[in-house]
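Below: final06.csv (CSV, C-alpha atoms)
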```csv
chain,number,residue,atom,x,y,z
O,1,MET,CA,49.3,27.4,27.2
O,2,ALA,CA,48.4,25.6,30.4
O,3,ASP,CA,44.7,25.4,31.2
O,4,ASN,CA,43.4,27.6,34.0
O,5,LYS,CA,43.1,25.6,37.2
O,6,VAL,CA,39.7,27.0,38.1
O,7,ASP,CA,38.3,26.3,34.7
O,8,SER,CA,39.5,22.8,34.8
O,9,LEU,CA,38.0,22.4,38.3
O,10,ILE,CA,34.6,23.7,37.2
O,11,ARG,CA,34.5,21.2,34.4
O,12,ARG,CA,35.4,18.3,36.8
O,13,ILE,CA,32.9,19.4,39.4
O,14,SER,CA,30.2,19.5,36.7
O,15,ASP,CA,31.0,16.0,35.6
O,16,ALA,CA,31.2,14.7,39.1
O,17,THR,CA,28.2,16.4,40.8
O,18,GLY,CA,25.9,17.6,38.0
O,19,ILE,CA,26.3,21.2,39.0
O,20,THR,CA,25.6,23.0,35.7
O,21,SER,CA,26.3,26.7,36.3
O,22,GLN,CA,28.8,28.9,38.1
O,23,SER,CA,26.0,30.5,40.1
O,24,GLU,CA,25.0,27.1,41.4
O,25,LEU,CA,28.7,26.3,42.2
O,26,ALA,CA,29.0,29.6,44.0
O,27,ARG,CA,26.0,28.8,46.2
O,28,GLU,CA,27.5,25.4,47.1
O,29,LEU,CA,30.8,27.1,48.0
O,30,GLY,CA,29.0,29.8,50.0
O,31,ILE,CA,30.5,32.6,48.0
O,32,ASN,CA,29.5,35.3,45.5
O,33,ARG,CA,29.9,34.5,41.8
O,34,SER,CA,32.5,37.2,41.7
O,35,GLY,CA,34.6,35.0,44.0
O,36,ILE,CA,34.9,32.4,41.2
O,37,THR,CA,36.0,35.1,38.7
O,38,HIS,CA,38.6,36.4,41.2
O,39,ALA,CA,40.0,32.9,41.7
O,40,ARG,CA,40.1,32.3,37.9
O,41,ASN,CA,42.0,35.6,37.4
O,42,LYS,CA,44.5,34.4,40.0
O,43,ASN,CA,44.6,30.9,38.6
O,44,HIS,CA,44.3,29.6,42.1
O,45,ILE,CA,41.9,27.2,43.9
O,46,PRO,CA,41.3,28.6,47.4
O,47,GLU,CA,41.8,26.1,50.2
O,48,LYS,CA,38.4,26.9,51.6
O,49,TRP,CA,36.9,25.6,48.4
O,50,VAL,CA,38.7,22.3,48.9
O,51,ILE,CA,37.2,22.0,52.4
O,52,ARG,CA,33.7,22.9,51.3
O,53,LEU,CA,33.7,20.5,48.4
O,54,TYR,CA,35.1,17.7,50.5
O,55,ARG,CA,32.5,18.2,53.2
O,56,ARG,CA,29.6,18.8,50.8
O,57,PHE,CA,30.2,16.0,48.3
O,58,SER,CA,33.0,13.8,49.9
O,59,LEU,CA,35.3,14.7,47.0
O,60,ASN,CA,38.9,13.7,47.3
O,61,PRO,CA,40.9,16.8,48.2
O,62,ARG,CA,43.8,15.8,46.0
O,63,TRP,CA,41.4,15.4,43.0
O,64,ILE,CA,39.9,18.8,43.7
O,65,GLU,CA,43.3,20.5,43.6
O,66,SER,CA,45.0,18.5,40.8
O,67,GLY,CA,42.5,16.3,39.1
O,68,THR,CA,44.5,13.2,40.0
O,69,GLY,CA,43.5,10.3,42.1
O,70,SER,CA,40.0,9.0,42.8
O,71,VAL,CA,37.1,11.5,42.4
O,72,PHE,CA,35.5,10.5,45.7
O,73,LEU,CA,37.1,9.2,48.8
O,74,ASP,CA,36.8,5.5,48.4
O,75,THR,CA,34.2,4.5,51.0
O,76,SER,CA,34.3,0.9,49.8
O,77,SER,CA,37.8,0.5,51.4
O,78,SER,CA,38.0,-0.5,55.0
O,79,PHE,CA,40.2,2.5,55.9
O,80,ASP,CA,37.9,5.1,54.4
O,81,SER,CA,34.8,3.5,55.8
O,82,GLU,CA,36.3,3.4,59.3
O,83,PHE,CA,38.1,6.8,59.2
O,84,LYS,CA,37.2,10.3,58.3
O,85,TYR,CA,39.5,13.2,57.3
O,86,VAL,CA,39.6,16.4,59.2
O,87,PRO,CA,41.4,19.5,57.8
O,88,LYS,CA,44.2,21.0,59.9
O,89,ALA,CA,44.3,24.8,59.4
O,90,THR,CA,47.6,26.6,58.8
O,91,ALA,CA,46.5,29.2,61.3
O,92,ARG,CA,47.5,28.7,64.9
O,93,LEU,CA,45.3,29.1,68.0
O,94,SER,CA,46.7,31.2,70.8
O,95,ALA,CA,46.9,30.0,74.4
O,96,GLY,CA,48.0,33.5,75.5
O,97,THR,CA,46.8,37.0,74.8
O,98,GLY,CA,45.4,36.3,71.3
O,99,SER,CA,46.5,35.8,67.8
O,100,PHE,CA,45.8,37.7,64.6
O,101,ASP,CA,46.7,34.7,62.6
O,102,CYS,CA,43.4,33.8,61.0
O,103,ASP,CA,44.7,32.1,57.8
O,104,GLU,CA,42.0,29.6,56.5
O,105,GLN,CA,44.4,27.6,54.5
O,106,VAL,CA,44.8,23.9,55.1
O,107,SER,CA,48.2,22.4,55.9
O,108,GLU,CA,47.2,18.7,55.9
O,109,TYR,CA,44.3,16.3,56.6
O,110,LEU,CA,44.2,14.2,59.7
O,111,ALA,CA,42.4,10.8,59.9
O,112,PHE,CA,40.2,10.0,62.9
O,113,PRO,CA,38.0,6.9,63.6
O,114,ALA,CA,34.6,7.7,62.1
O,115,ALA,CA,32.7,6.1,65.0
O,116,TRP,CA,34.6,8.1,67.5
O,117,LEU,CA,34.1,11.4,65.7
O,118,ASN,CA,30.3,10.7,65.4
O,119,LYS,CA,30.1,10.2,69.2
O,120,LYS,CA,31.9,13.5,69.8
O,121,GLY,CA,29.9,15.7,67.4
O,122,SER,CA,29.6,16.7,63.8
O,123,ALA,CA,32.6,15.4,61.8
O,124,ARG,CA,31.9,17.7,58.9
O,125,SER,CA,32.2,20.7,61.2
O,126,MET,CA,35.5,19.8,62.7
O,127,VAL,CA,38.9,21.5,62.2
O,128,ALA,CA,42.3,20.9,63.8
O,129,MET,CA,44.6,23.7,64.8
O,130,GLU,CA,48.0,23.9,66.4
O,131,VAL,CA,48.3,25.9,69.7
O,132,PHE,CA,51.0,28.3,70.7
O,133,GLY,CA,51.4,30.0,74.0
O,134,ASN,CA,51.3,28.5,77.5
O,135,SER,CA,48.2,30.0,79.1
O,136,MET,CA,46.4,26.6,79.1
O,137,GLU,CA,49.2,24.5,80.6
O,138,PRO,CA,49.3,21.8,81.8
O,139,VAL,CA,46.2,20.6,80.0
O,140,ILE,CA,47.2,22.1,76.6
O,141,ARG,CA,50.8,22.9,75.9
O,142,GLU,CA,52.4,25.0,73.2
O,143,GLY,CA,52.7,22.9,70.0
O,144,ASP,CA,49.7,20.7,70.8
O,145,THR,CA,47.1,20.1,68.2
O,146,VAL,CA,43.5,20.5,69.2
O,147,LEU,CA,40.3,19.3,67.5
O,148,ILE,CA,37.5,21.8,67.4
O,149,ASP,CA,33.9,21.0,66.6
O,150,GLN,CA,32.5,24.2,65.1
O,151,SER,CA,28.9,23.0,65.5
O,152,GLN,CA,29.2,23.1,69.3
O,153,THR,CA,28.9,26.7,70.2
O,154,GLN,CA,26.5,26.5,73.2
O,155,ILE,CA,28.6,27.3,76.3
O,156,LEU,CA,29.0,24.6,78.8
O,157,ALA,CA,30.6,26.0,82.0
O,158,GLY,CA,34.2,24.8,82.4
O,159,ALA,CA,34.6,23.4,78.9
O,160,ILE,CA,37.4,24.6,76.6
O,161,TYR,CA,36.5,26.6,73.4
O,162,ALA,CA,38.2,28.3,70.5
O,163,VAL,CA,36.9,31.9,70.7
O,164,GLY,CA,37.3,35.0,68.7
O,165,VAL,CA,37.3,38.4,70.3
O,166,GLU,CA,37.3,41.1,67.7
O,167,ASP,CA,40.4,40.2,65.5
O,168,THR,CA,42.0,37.7,67.8
O,169,ILE,CA,41.5,34.0,68.2
O,170,MET,CA,42.4,32.0,71.3
O,171,VAL,CA,41.7,28.9,73.3
O,172,LYS,CA,40.1,29.3,76.8
O,173,ARG,CA,37.8,27.7,79.4
O,174,LEU,CA,34.5,29.6,79.5
O,175,GLU,CA,32.5,30.4,82.6
O,176,LYS,CA,29.2,32.3,82.7
O,177,HIS,CA,28.6,34.8,85.5
O,178,PRO,CA,25.6,37.1,85.8
O,179,ASP,CA,25.9,39.6,82.9
O,180,LYS,CA,29.5,38.5,82.3
O,181,LEU,CA,31.4,35.9,80.3
O,182,VAL,CA,34.8,34.8,81.7
O,183,LEU,CA,37.7,33.5,79.7
O,184,CYS,CA,39.8,31.4,82.0
O,185,SER,CA,43.3,30.1,81.6
O,186,ASP,CA,44.5,26.9,83.3
O,187,ASN,CA,47.9,28.5,83.9
O,188,LYS,CA,47.4,30.6,87.0
O,189,ASP,CA,50.0,33.1,85.8
O,190,PHE,CA,47.3,34.4,83.4
O,191,SER,CA,44.4,36.4,84.9
O,192,PRO,CA,40.9,35.7,83.8
O,193,ILE,CA,39.4,37.9,81.1
O,194,TYR,CA,36.0,39.3,82.0
O,195,LEU,CA,33.6,40.4,79.3
O,196,GLY,CA,30.4,42.2,80.1
O,197,GLY,CA,27.7,44.3,78.5
O,198,ASP,CA,28.5,45.2,74.8
O,199,GLU,CA,31.8,43.3,75.1
O,200,CYS,CA,29.9,40.0,75.1
O,201,ASP,CA,28.5,40.9,71.6
O,202,LYS,CA,32.0,41.0,70.2
O,203,ILE,CA,32.9,37.4,71.2
O,204,ARG,CA,32.5,34.6,68.7
O,205,ILE,CA,32.4,31.0,69.9
O,206,LEU,CA,34.2,29.2,67.1
O,207,GLY,CA,33.7,25.8,68.5
O,208,LYS,CA,34.3,23.4,71.4
O,209,VAL,CA,37.7,21.7,71.8
O,210,ILE,CA,37.0,18.0,72.0
O,211,TRP,CA,40.5,16.5,71.8
O,212,SER,CA,44.1,17.4,71.9
O,213,CYS,CA,47.4,15.6,71.1
O,214,ARG,CA,51.0,16.2,71.8
O,215,GLU,CA,53.9,15.5,69.5
O,216,TYR,CA,57.2,14.9,71.3
O,217,ARG,CA,60.3,16.4,69.6
```

Representation of the structure as structure tokens:
Amino acid sequence: MADNKVDSLIRRISDATGITSQSELARELGINRSGITHARNKNHIPEKWVIRLYRRFSLNPRWIESGTGSVFLDTSSSFDSEFKYVPKATARLSAGTGSFDCDEQVSEYLAFPAAWLNKKGSARSMVAMEVFGNSMEPVIREGDTVLIDQSQTQILAGAIYAVGVEDTIMVKRLEKHPDKLVLCSDNKDFSPIYLGGDECDKIRILGKVIWSCREYR
């Protein structure tokens, strides 16, 4: 009978980090201990565990998931000392009226120059997401990938942010007006969204967009 993936991971994590109990592991993962039991019953390693362990201990994502490859990212090599890996979420970020797609799974890891990331913000807090919708054209087009620094949540007027309003996530320029927050689109076909009073309490600033790229098909 095949070994349970989560049990195997727990043993590997213990050997690699010195974590000696499931309670301690749960604290490092930012979950309740029951979350480990749930994952074990499903025989599945959640993607957010991979991200957390990578960010916390610099563990190799492939090793976390399968036990193969080097335990830690090889910082002795020129590539891994000069580049850092940022997870790209499966979920897409809406440049339109909003998206209910809040999937936290990771589709791949993107490499960026470490020195450049450090100048831009907190590399460990960054996530990449694909954009759909055309409300931010021409600056951000449908299909573009944006890099979000989740540590930058203080609003700078005119900057672009990933924001959550109730159950939707979107990308917008933010402006502060007296007693109001305005979500602006670069595409003038889309009207600004004005949030005031209690509505402002419902918005979550997920992070500042610091970079975007476009793949030509």

Near Ala89 (chain O), within 6 Å and counting only C-alpha atoms, which residues show up once chain neighbours fewer than 4 positions away are dropped, as an mmCIF file with C-alpha atoms, in the frame of the given file?
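Dumped everything to part_38.cif:
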```cif
data_model
loop_
_atom_site.group_PDB
_atom_site.id
_atom_site.type_symbol
_atom_site.label_atom_id
_atom_site.label_comp_id
_atom_site.auth_asym_id
_atom_site.auth_seq_id
_atom_site.Cartn_x
_atom_site.Cartn_y
_atom_site.Cartn_z
ATOM 1 C CA GLN O 105 44.400 27.600 54.500
ATOM 2 C CA VAL O 106 44.800 23.900 55.100
ATOM 3 C CA SER O 107 48.200 22.400 55.900
ATOM 4 C CA MET O 129 44.600 23.700 64.800
#
```

Sort by chain and increasing residue number a table of all residues of region 3-122 of chain O within 7 Å of region 171-174 of chain O, each with its closest pair of atoms and their distance in Å to one decimal, counting only C-alpha atoms, and write it as CSV.
```
residue,atom,partner,partner_atom,distance
O:Leu93,CA,O:Val171,CA,6.4
O:Ser94,CA,O:Val171,CA,6.0
O:Ala95,CA,O:Val171,CA,5.4
```

For this session: Give the answer as one residue: which of O:Leu117, O:Val182, O:Leu9, O:Val127 has the shortest atom-to-atom distance to Ser66 (chain O), using all atoms listed in the file?
Result: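 Result for the nearest residue to Ser66 (chain O): O:Leu9.
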
For this session: Point out the residue among O:Asp167, O:Asp149, O:Glu137, O:Asp179 with the least atom-to-atom distance to Gly207 (chain O), counting all atoms listed in the file.
Result: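 Distance minimum relative to Gly207 (chain O) lands on O:Asp149.
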
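Each of O:Gly69, O:Phe83, O:Val163, O:Met136 was checked against Lys188 (chain O) using all atoms listed in the file; the smallest atom-to-atom distance is that of O:Met136.
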
Exercise. If you measure from CA of Ser185 (chain O) to CA of Arg124 (chain O), what distance in Å do you get, rounded to one decimal?
Worked result: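 These two atoms are separated by 28.3 Å.
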
Exercise. Do you have the CA of Asn187 (chain O)-CA of Pro87 (chain O) distance handy?
Worked result: 28.4 Å

For this session: Please indicate the distance in Å from CA of Lys208 (chain O) to CA of Ser125 (chain O), rounded to one decimal place.
Result: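 Calculated distance between CA of Lys208 (chain O) and CA of Ser125 (chain O) is 10.8 Å.
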
Problem set entry | Surrounding residues of Leu29 (chain O) excluding itself and chain neighbours under 6 positions, 9 Å, all atoms listed in the file, as number ranges by chain | O: 48-49, 52-53, 56

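With distances restricted to all atoms listed in the file, O:Arg92 is the closest residue to Val146 (chain O) from O:Arg217, O:Arg92, O:Lys120, O:Lys202.
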
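Of the listed residues O:Met126, O:Lys180, O:Asn41, O:Glu175, the one whose atoms come nearest to Leu206 (chain O) is O:Met126, with distances taken using all atoms listed in the file.
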
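Considering only C-alpha atoms, the residue among O:Ser8, O:Gly30, O:Ser14, O:Leu25 positioned nearest to His44 (chain O) is O:Ser8.
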
Exercise. Which neighbours of Glu65 (chain O) fall inside 10 Å, counting only C-alpha atoms, when residues of the same chain fewer than 2 positions from it are skipped, and could you give them as a VMD selection string?
Worked result: chain O and resid 5 to 6 8 to 9 44 to 47 49 to 50 60 to 63 67 to 68

Problem set entry | Exercise: Arg141 (chain O) partners within 10 Å, only C-alpha atoms, chain neighbours under 3 positions left out, as a list in words |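 The filter keeps Ala95, Glu130, Val131, Phe132, Gly133, Asn134, Ser135, Met136, Glu137, Pro138, Asp144, Thr145, Ser212, Cys213 and Arg214 of chain O.
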